[in-house]
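Have a look at my_file01.tsv below; it lists TSV, C-alpha atoms.
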```
chain	number	residue	atom	x	y	z
S	147	MET	CA	112.91	83.45	184.42
S	148	LEU	CA	112.42	79.87	183.23
S	149	PHE	CA	109.41	77.55	183.24
S	150	ASP	CA	110.28	73.86	183.64
S	151	THR	CA	107.13	72.47	182.04
S	152	HIS	CA	107.82	68.83	182.98
S	153	ALA	CA	109.68	67.82	186.13
S	154	HIS	CA	109.09	64.75	188.29
S	155	MET	CA	110.04	66.27	191.62
S	156	ASP	CA	108.00	63.59	193.39
S	157	SER	CA	110.51	60.97	192.16
S	158	ARG	CA	112.21	58.87	194.81
S	159	SER	CA	115.57	59.94	193.43
S	160	PHE	CA	114.98	63.36	195.02
S	161	GLN	CA	114.15	61.92	198.43
S	162	PRO	CA	117.52	62.83	200.04
S	163	ASP	CA	117.49	66.53	199.07
S	164	ARG	CA	114.08	67.41	197.63
S	165	GLU	CA	113.23	70.14	200.15
S	166	ALA	CA	116.55	71.94	199.84
S	167	LEU	CA	116.46	71.71	196.06
S	168	LEU	CA	112.91	73.05	195.78
S	169	GLN	CA	113.61	75.90	198.19
S	170	ASN	CA	116.60	76.99	196.11
S	171	LEU	CA	115.18	76.65	192.57
S	172	PRO	CA	113.68	80.17	192.41
S	173	THR	CA	117.12	81.63	193.05
S	174	ALA	CA	118.42	79.43	190.20
S	175	GLY	CA	116.03	81.14	187.79
S	176	ILE	CA	113.16	78.64	187.86
S	177	GLY	CA	110.05	80.75	188.22
S	178	LEU	CA	107.45	78.09	187.40
S	179	LEU	CA	107.42	74.31	187.41
S	180	MET	CA	104.88	71.72	186.25
S	181	ASN	CA	104.98	68.38	188.08
S	182	PRO	CA	102.95	65.77	186.18
S	183	GLY	CA	101.70	62.54	187.67
S	184	CYS	CA	102.51	59.14	186.21
S	185	SER	CA	100.05	57.14	188.31
S	186	LEU	CA	97.35	57.82	190.86
S	187	GLU	CA	99.93	57.65	193.65
S	188	SER	CA	102.39	60.04	191.99
S	189	SER	CA	99.56	62.35	190.94
S	190	LYS	CA	98.57	62.76	194.58
S	191	LYS	CA	102.20	63.52	195.45
S	192	ALA	CA	102.34	66.12	192.68
S	193	VAL	CA	99.23	67.81	194.06
S	194	ARG	CA	100.77	67.92	197.53
S	195	LEU	CA	103.96	69.52	196.21
S	196	ALA	CA	101.94	72.13	194.33
S	197	ALA	CA	100.13	72.99	197.55
S	198	GLU	CA	103.42	73.41	199.40
S	199	TYR	CA	105.41	75.53	196.90
S	200	HIS	CA	103.97	78.65	195.31
S	201	TYR	CA	105.74	78.20	191.95
S	202	ILE	CA	104.82	74.52	191.43
S	203	TYR	CA	101.74	73.37	189.53
S	204	ALA	CA	100.48	69.82	189.06
S	205	ALA	CA	98.97	67.53	186.46
S	206	VAL	CA	97.24	64.24	187.23
S	207	GLY	CA	97.12	61.12	185.10
S	208	SER	CA	98.38	57.63	184.40
S	209	HIS	CA	101.44	57.13	182.17
S	210	PRO	CA	101.16	54.30	179.62
S	211	ASP	CA	103.29	52.18	181.95
S	212	ALA	CA	100.44	52.50	184.47
S	213	ALA	CA	97.62	52.10	181.96
S	214	ASP	CA	96.45	48.94	183.72
S	215	GLU	CA	95.36	51.00	186.76
S	216	VAL	CA	92.94	53.18	184.79
S	217	ASN	CA	89.31	52.40	185.57
S	218	ASP	CA	86.20	54.36	186.51
S	219	ALA	CA	87.26	54.69	190.14
S	220	VAL	CA	90.71	56.07	189.25
S	221	LEU	CA	89.21	58.46	186.71
S	222	GLU	CA	86.82	59.72	189.40
S	223	GLU	CA	89.78	60.36	191.72
S	224	TYR	CA	91.49	62.35	188.97
S	225	ARG	CA	88.25	64.25	188.37
S	226	MET	CA	88.02	65.21	192.05
S	227	LEU	CA	91.72	66.16	192.27
S	228	CYS	CA	91.17	68.55	189.36
S	229	LYS	CA	87.97	70.06	190.74
S	230	LEU	CA	89.21	70.51	194.30
S	231	ASN	CA	92.72	71.82	193.56
S	232	PRO	CA	93.02	74.99	191.45
S	233	LYS	CA	96.75	74.36	190.93
S	234	VAL	CA	96.01	71.19	188.94
S	235	LYS	CA	96.30	72.54	185.41
S	236	ALA	CA	96.37	69.47	183.14
S	237	ILE	CA	95.75	65.77	182.68
S	238	GLY	CA	99.04	63.96	182.35
S	239	GLU	CA	101.25	62.45	181.69
S	240	ILE	CA	99.21	60.11	179.51
S	241	GLY	CA	99.78	58.50	176.15
S	242	LEU	CA	101.32	55.52	174.41
S	243	ASP	CA	104.70	53.81	174.75
S	244	TYR	CA	105.40	50.86	172.47
S	245	HIS	CA	109.14	50.70	173.17
S	246	TYR	CA	109.04	47.88	175.72
S	247	GLU	CA	105.35	46.95	175.50
S	248	ASP	CA	105.14	45.88	179.14
S	249	ILE	CA	101.49	46.96	178.94
S	250	PRO	CA	99.50	45.62	175.94
S	251	ARG	CA	98.87	48.21	173.23
S	252	GLN	CA	95.09	47.88	173.39
S	253	LEU	CA	95.12	48.56	177.12
S	254	GLN	CA	97.33	51.62	176.59
S	255	LYS	CA	94.97	52.93	173.91
S	256	LYS	CA	91.93	52.41	176.14
S	257	ALA	CA	93.55	54.32	179.03
S	258	PHE	CA	94.74	57.11	176.72
S	259	ILE	CA	91.27	57.56	175.23
S	260	ALA	CA	89.58	57.54	178.66
S	261	GLN	CA	91.91	60.23	179.97
S	262	LEU	CA	91.54	62.38	176.86
S	263	ALA	CA	87.79	62.17	177.39
S	264	LEU	CA	88.29	63.35	180.98
S	265	ALA	CA	90.39	66.29	179.77
S	266	ARG	CA	87.65	67.20	177.30
S	267	GLU	CA	85.03	67.03	180.05
S	268	LEU	CA	87.09	69.26	182.36
S	269	ASP	CA	88.36	71.58	179.60
S	270	LEU	CA	91.99	70.94	180.55
S	271	PRO	CA	95.09	70.52	178.39
S	272	VAL	CA	96.93	67.19	178.33
S	273	ILE	CA	100.57	66.17	178.64
S	274	VAL	CA	101.26	63.37	176.17
S	275	HIS	CA	104.04	60.81	176.49
S	276	GLU	CA	104.53	59.13	173.12
S	277	ARG	CA	107.32	56.72	172.24
S	278	ASP	CA	107.48	54.54	169.13
S	279	ALA	CA	103.72	55.01	168.68
S	280	HIS	CA	103.51	58.02	166.37
S	281	GLU	CA	100.77	56.76	164.05
S	282	ASP	CA	98.43	55.52	166.78
S	283	ALA	CA	98.94	58.62	168.93
S	284	MET	CA	98.13	60.96	166.07
S	285	ALA	CA	95.04	58.95	165.15
S	286	ILE	CA	93.75	59.03	168.73
S	287	ILE	CA	94.27	62.73	169.41
S	288	LYS	CA	92.42	63.53	166.19
S	289	GLN	CA	89.38	61.84	167.75
S	290	PHE	CA	89.45	64.66	170.33
S	291	PRO	CA	89.83	67.90	168.33
S	292	GLU	CA	88.69	69.96	171.34
S	293	VAL	CA	91.61	68.71	173.44
S	294	LYS	CA	95.02	70.35	173.09
S	295	GLY	CA	98.23	70.14	175.06
S	296	VAL	CA	101.87	69.20	174.66
S	297	PHE	CA	103.78	66.24	173.29
S	298	HIS	CA	106.50	66.21	175.92
S	299	CYS	CA	110.07	64.95	175.36
S	300	PHE	CA	109.29	65.02	171.66
S	301	SER	CA	110.83	62.16	169.67
S	302	GLY	CA	108.99	62.43	166.37
S	303	SER	CA	109.96	63.96	163.05
S	304	ALA	CA	109.95	67.60	162.05
S	305	GLN	CA	106.95	66.81	159.83
S	306	MET	CA	105.03	65.37	162.80
S	307	ALA	CA	105.92	68.41	164.91
S	308	GLN	CA	104.62	70.71	162.17
S	309	GLU	CA	101.38	68.74	161.92
S	310	LEU	CA	100.87	68.92	165.69
S	311	THR	CA	101.47	72.65	165.89
S	312	LYS	CA	99.04	73.25	163.03
S	313	LEU	CA	96.48	71.36	165.13
S	314	GLY	CA	97.15	73.73	168.03
S	315	TRP	CA	99.53	71.59	170.08
S	316	TYR	CA	102.81	72.48	171.79
S	317	ILE	CA	106.08	70.57	171.56
S	318	GLY	CA	108.26	69.97	174.62
S	319	PHE	CA	112.04	69.67	174.27
S	320	THR	CA	114.37	68.21	176.89
S	321	GLY	CA	118.12	67.90	177.35
S	322	VAL	CA	118.10	65.72	174.22
S	323	LEU	CA	118.47	69.00	172.30
S	324	THR	CA	122.05	69.18	173.61
S	325	PHE	CA	123.04	65.61	172.67
S	326	LYS	CA	125.51	65.07	169.84
S	327	ASN	CA	123.11	62.68	168.09
S	328	ALA	CA	120.08	64.97	168.47
S	329	ARG	CA	119.45	65.53	164.74
S	330	ARG	CA	115.69	64.78	164.85
S	331	ALA	CA	115.04	66.97	167.89
S	332	ILE	CA	117.03	69.86	166.41
S	333	GLU	CA	115.22	69.55	163.06
S	334	ALA	CA	111.87	69.64	164.87
S	335	ALA	CA	112.91	72.68	166.94
S	336	GLN	CA	113.93	74.45	163.73
S	337	ALA	CA	110.74	73.58	161.86
S	338	ILE	CA	107.97	74.82	164.15
S	339	PRO	CA	106.86	78.28	165.28
S	340	LEU	CA	108.65	79.60	168.36
S	341	ASP	CA	105.31	80.23	170.04
S	342	ARG	CA	104.68	76.47	170.13
S	343	ILE	CA	107.87	75.44	171.92
S	344	VAL	CA	108.17	74.72	175.64
S	345	LEU	CA	111.24	73.57	177.55
S	346	GLU	CA	111.44	70.85	180.16
S	347	THR	CA	113.98	68.82	182.07
S	348	ASP	CA	111.86	65.65	182.46
S	349	CYS	CA	114.01	65.27	185.56
S	350	PRO	CA	115.39	63.15	187.07
S	351	TYR	CA	115.88	61.87	183.50
S	352	MET	CA	117.33	63.40	180.30
S	353	SER	CA	120.16	65.41	181.84
S	354	PRO	CA	121.72	67.73	179.23
S	355	GLU	CA	125.32	67.81	178.16
S	356	PRO	CA	127.78	67.99	179.87
S	357	PHE	CA	125.82	66.25	182.64
S	358	ARG	CA	124.44	63.38	180.56
S	359	GLY	CA	124.04	60.24	182.65
S	360	GLN	CA	123.71	62.14	185.93
S	361	ARG	CA	120.52	62.82	187.86
S	362	ASN	CA	118.83	65.77	186.23
S	363	ASP	CA	117.10	68.63	188.05
S	364	PRO	CA	115.35	71.87	187.01
S	365	SER	CA	118.43	74.05	187.61
S	366	ARG	CA	119.81	72.62	184.35
S	367	LEU	CA	116.95	73.94	182.22
S	368	CYS	CA	119.15	76.89	181.31
S	369	ARG	CA	121.18	74.55	179.09
S	370	MET	CA	118.10	73.83	176.97
S	371	ALA	CA	117.32	77.53	176.66
S	372	GLU	CA	120.89	78.20	175.53
S	373	LYS	CA	120.68	75.44	172.92
S	374	LEU	CA	117.29	76.58	171.63
S	375	ALA	CA	118.65	80.10	171.30
S	376	GLU	CA	121.58	78.76	169.27
S	377	ILE	CA	119.27	76.69	167.04
S	378	ARG	CA	116.89	79.57	166.34
S	379	GLY	CA	119.40	82.41	166.17
S	380	ILE	CA	118.02	84.40	169.09
S	381	SER	CA	119.42	85.43	172.45
S	382	THR	CA	119.20	83.15	175.46
S	383	GLU	CA	117.09	85.78	177.20
S	384	GLU	CA	114.61	85.73	174.30
S	385	ALA	CA	114.45	81.93	174.39
S	386	GLN	CA	113.76	82.01	178.11
S	387	GLN	CA	111.04	84.65	177.82
S	388	ILE	CA	109.31	83.09	174.81
S	389	THR	CA	109.19	79.61	176.31
S	390	LEU	CA	108.06	81.00	179.67
S	391	GLU	CA	105.10	82.73	178.03
S	392	ASN	CA	104.34	79.65	175.95
S	393	GLY	CA	104.18	77.49	179.06
S	394	LYS	CA	101.94	79.96	180.88
S	395	ARG	CA	99.60	80.06	177.89
S	396	LEU	CA	99.56	76.26	177.59
S	397	TYR	CA	98.57	75.79	181.24
S	398	LYS	CA	96.51	78.99	181.60
S	399	ILE	CA	98.69	80.32	184.40
```
Encoding of this model in structure tokens:
Amino acid sequence: MLFDTHAHMDSRSFQPDREALLQNLPTAGIGLLMNPGCSLESSKKAVRLAAEYHYIYAAVGSHPDAADEVNDAVLEEYRMLCKLNPKVKAIGEIGLDYHYEDIPRQLQKKAFIAQLALARELDLPVIVHERDAHEDAMAIIKQFPEVKGVFHCFSGSAQMAQELTKLGWYIGFTGVLTFKNARRAIEAAQAIPLDRIVLETDCPYMSPEPFRGQRNDPSRLCRMAEKLAEIRGISTEEAQQITLENGKRLYKI
């Protein structure tokens, strides 16, 4: 059984076939699925999906691209979604993204800090999106030593991954592991303890080889498990079981 620890099943790209896909995923080996929010609107959709499907759990939060929506009223809505819905298991995805800088860095930092504070208040893990902002992200999470979680779709160095795992964090790997130019991801996956690795599709994005460029979905998570097994010299079954247990421990499922 596999745990897709990061899948955007509320995405509009799944509108034509979402119901059929979600009904069939358990037979494709997906036993658990975490659907994180990227905004208040998508967080509410994630909560609704979790209520409808027994194997789906939700996280609520504003992605750095939606940092400009984060205010006291939005934080209160997230607080209530967490308190009223036992299947909401994390705050996320939140973080920093300096790649395009559509949202000013200071605004991203403010939203990230506010949502980390909410996670600390509620004693929940966080799902961190971090792109081209390694130094600032590390500095900010160290302000919240009580808060742990996962750096999803990890893009940092093996050294950064080691530092995070020593701090008690998990590292999420996507279909990037299967890419021909995936040196940094593979080095990170080799460098950290197996009990700190979780697998994710980040669908509809990051489709693994040989499906790169196509819409991704959780049924392709098996490709990441196969690649992790190859990287770490274990069986695919071991990779599936270890990452399943890691994900359950991360989200207290």
For segment 329-333 of chain S, find every residue with an atom within 12 Å (counting all atoms listed in the file), except residues of its own chain fewer than 2 positions away, and show them as a PDB file with C-alpha atoms, in the frame of the given file.
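The resulting selection-v7.pdb:
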```pdb
ATOM      1  CA  HIS S 298     106.500  66.210 175.920  1.00  0.00           C
ATOM      2  CA  CYS S 299     110.070  64.950 175.360  1.00  0.00           C
ATOM      3  CA  PHE S 300     109.290  65.020 171.660  1.00  0.00           C
ATOM      4  CA  SER S 301     110.830  62.160 169.670  1.00  0.00           C
ATOM      5  CA  GLY S 302     108.990  62.430 166.370  1.00  0.00           C
ATOM      6  CA  SER S 303     109.960  63.960 163.050  1.00  0.00           C
ATOM      7  CA  ALA S 304     109.950  67.600 162.050  1.00  0.00           C
ATOM      8  CA  GLN S 305     106.950  66.810 159.830  1.00  0.00           C
ATOM      9  CA  MET S 306     105.030  65.370 162.800  1.00  0.00           C
ATOM     10  CA  ALA S 307     105.920  68.410 164.910  1.00  0.00           C
ATOM     11  CA  GLN S 308     104.620  70.710 162.170  1.00  0.00           C
ATOM     12  CA  ILE S 317     106.080  70.570 171.560  1.00  0.00           C
ATOM     13  CA  GLY S 318     108.260  69.970 174.620  1.00  0.00           C
ATOM     14  CA  PHE S 319     112.040  69.670 174.270  1.00  0.00           C
ATOM     15  CA  THR S 320     114.370  68.210 176.890  1.00  0.00           C
ATOM     16  CA  GLY S 321     118.120  67.900 177.350  1.00  0.00           C
ATOM     17  CA  VAL S 322     118.100  65.720 174.220  1.00  0.00           C
ATOM     18  CA  LEU S 323     118.470  69.000 172.300  1.00  0.00           C
ATOM     19  CA  THR S 324     122.050  69.180 173.610  1.00  0.00           C
ATOM     20  CA  PHE S 325     123.040  65.610 172.670  1.00  0.00           C
ATOM     21  CA  LYS S 326     125.510  65.070 169.840  1.00  0.00           C
ATOM     22  CA  ASN S 327     123.110  62.680 168.090  1.00  0.00           C
ATOM     23  CA  ALA S 335     112.910  72.680 166.940  1.00  0.00           C
ATOM     24  CA  GLN S 336     113.930  74.450 163.730  1.00  0.00           C
ATOM     25  CA  ALA S 337     110.740  73.580 161.860  1.00  0.00           C
ATOM     26  CA  ILE S 338     107.970  74.820 164.150  1.00  0.00           C
ATOM     27  CA  ILE S 343     107.870  75.440 171.920  1.00  0.00           C
ATOM     28  CA  MET S 370     118.100  73.830 176.970  1.00  0.00           C
ATOM     29  CA  LYS S 373     120.680  75.440 172.920  1.00  0.00           C
ATOM     30  CA  LEU S 374     117.290  76.580 171.630  1.00  0.00           C
ATOM     31  CA  ALA S 375     118.650  80.100 171.300  1.00  0.00           C
ATOM     32  CA  GLU S 376     121.580  78.760 169.270  1.00  0.00           C
ATOM     33  CA  ILE S 377     119.270  76.690 167.040  1.00  0.00           C
ATOM     34  CA  ARG S 378     116.890  79.570 166.340  1.00  0.00           C
TER      35      ARG S 378
END
```
Rounded to one decimal, what separation in Å do you get between atom CA of Phe290 of chain S and atom CA of Val206 of chain S?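 One can read the atom CA of Phe290 of chain S to atom CA of Val206 of chain S distance as 18.6 Å.
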Would you kindly return, as JSON, numbers by chain, each protein, DNA or RNA residue with an atom no farther than 12 Å from any atom of Arg251 of chain S, considering only C-alpha atoms and excluding same-chain residues fewer than 6 positions away? {"S": [210, 211, 213, 214, 241, 242, 243, 244, 245, 257, 258, 278, 279, 282, 283]}
Of S:Asn217, S:Ser189, S:Gln252, S:Thr311, the one nearest to Ile237 of chain S when counting only C-alpha atoms is S:Ser189
So that I can see what lies close to Pro232 of chain S, please list as a VMD selection string the residues with an atom at most 10 Å from it, counting all atoms listed in the file and leaving out residues fewer than 2 positions away in the same chain. chain S and resid 193 196 to 197 203 to 204 227 to 230 234 to 235
Given the selection you just returned, output its residues as a file containing C-alpha atoms, formatted as a PDB file, keeping the file's coordinate frame.
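Writing done, so here's again-v2.pdb:
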```pdb
ATOM      1  CA  VAL S 193      99.230  67.810 194.060  1.00  0.00           C
ATOM      2  CA  ALA S 196     101.940  72.130 194.330  1.00  0.00           C
ATOM      3  CA  ALA S 197     100.130  72.990 197.550  1.00  0.00           C
ATOM      4  CA  TYR S 203     101.740  73.370 189.530  1.00  0.00           C
ATOM      5  CA  ALA S 204     100.480  69.820 189.060  1.00  0.00           C
ATOM      6  CA  LEU S 227      91.720  66.160 192.270  1.00  0.00           C
ATOM      7  CA  CYS S 228      91.170  68.550 189.360  1.00  0.00           C
ATOM      8  CA  LYS S 229      87.970  70.060 190.740  1.00  0.00           C
ATOM      9  CA  LEU S 230      89.210  70.510 194.300  1.00  0.00           C
ATOM     10  CA  VAL S 234      96.010  71.190 188.940  1.00  0.00           C
ATOM     11  CA  LYS S 235      96.300  72.540 185.410  1.00  0.00           C
TER      12      LYS S 235
END
```
May I have the residues at most 9 Å from (100.0, 68.3, 175.2) in the file's coordinates, counting all atoms listed in the file, as a list in words? Ala236, Ile237, Gly238, Glu239, Pro271, Val272, Ile273, Val274, His275, Val293, Lys294, Gly295, Val296, Phe297, His298, Trp315, Tyr316, Ile317, Gly318 and Leu396 of chain S
Find the residues near Asp348 of chain S: any atom within 7 Å, counting only C-alpha atoms, skip ones fewer than 4 places away on the same chain, and give them as a PyMOL selection string. chain S and resi 152-154+320+352
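Shortest atom-to-atom contact with Lys256 of chain S among S:Ile240, S:Ile380, S:Leu345, S:Leu340: S:Ile240, counting all atoms listed in the file.
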Give me, please, the distance in Å between atom CA of Tyr224 of chain S and atom CA of Arg194 of chain S, quoted to one decimal.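 Atom CA of Tyr224 of chain S sits 13.8 Å away from atom CA of Arg194 of chain S.
Atom CA of Ala265 of chain S is found 11.6 Å from atom CA of Pro291 of chain S.
Shortest separation to Ile287 of chain S among S:Asp269, S:Pro354, S:Ile259, S:Val220 occurs at residue S:Ile259, atoms counted being all atoms listed in the file.
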Considering only C-alpha atoms, can you say which of S:Cys368, S:Gln261, S:Arg395, S:Val216 comes closest to Glu383 of chain S?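 Once distances to Glu383 of chain S are computed over only C-alpha atoms, the minimum belongs to S:Cys368.
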Calculated over only C-alpha atoms, which of the candidates S:Glu187, S:Glu309, S:Glu198, S:Glu215 has the smallest distance to Pro339 of chain S?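 Of S:Glu187, S:Glu309, S:Glu198, S:Glu215, the one nearest Pro339 of chain S is S:Glu309, counting only C-alpha atoms.
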Padding 3 Å on every side, please: axis-aligned box over the listed atoms of segment 240-255 of chain S, centre and edge lengths to one decimal in Å, as AutoDock Vina command-line options.
```
--center_x 102.1 --center_y 52.9 --center_z 176.0 --size_x 20.2 --size_y 20.5 --size_z 13.0
```
For Ile202 of chain S, which of S:Asp150, S:Ser159, S:Ile388, S:Ile249 is the closest residue, counting only C-alpha atoms?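 Of S:Asp150, S:Ser159, S:Ile388, S:Ile249, the one nearest Ile202 of chain S is S:Asp150, counting only C-alpha atoms.
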Enumerate, as a list of chain:residue names, the protein, DNA and RNA residues whose atoms approach (86.4, 62.5, 183.5) to within 7 Å, taking into account all atoms listed in the file and the coordinate frame of the file.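 Final list of nearby residues, as requested, is S:Leu221, S:Glu222, S:Arg225, S:Gln261, S:Ala263, S:Leu264, S:Ala265, S:Glu267, S:Leu268.
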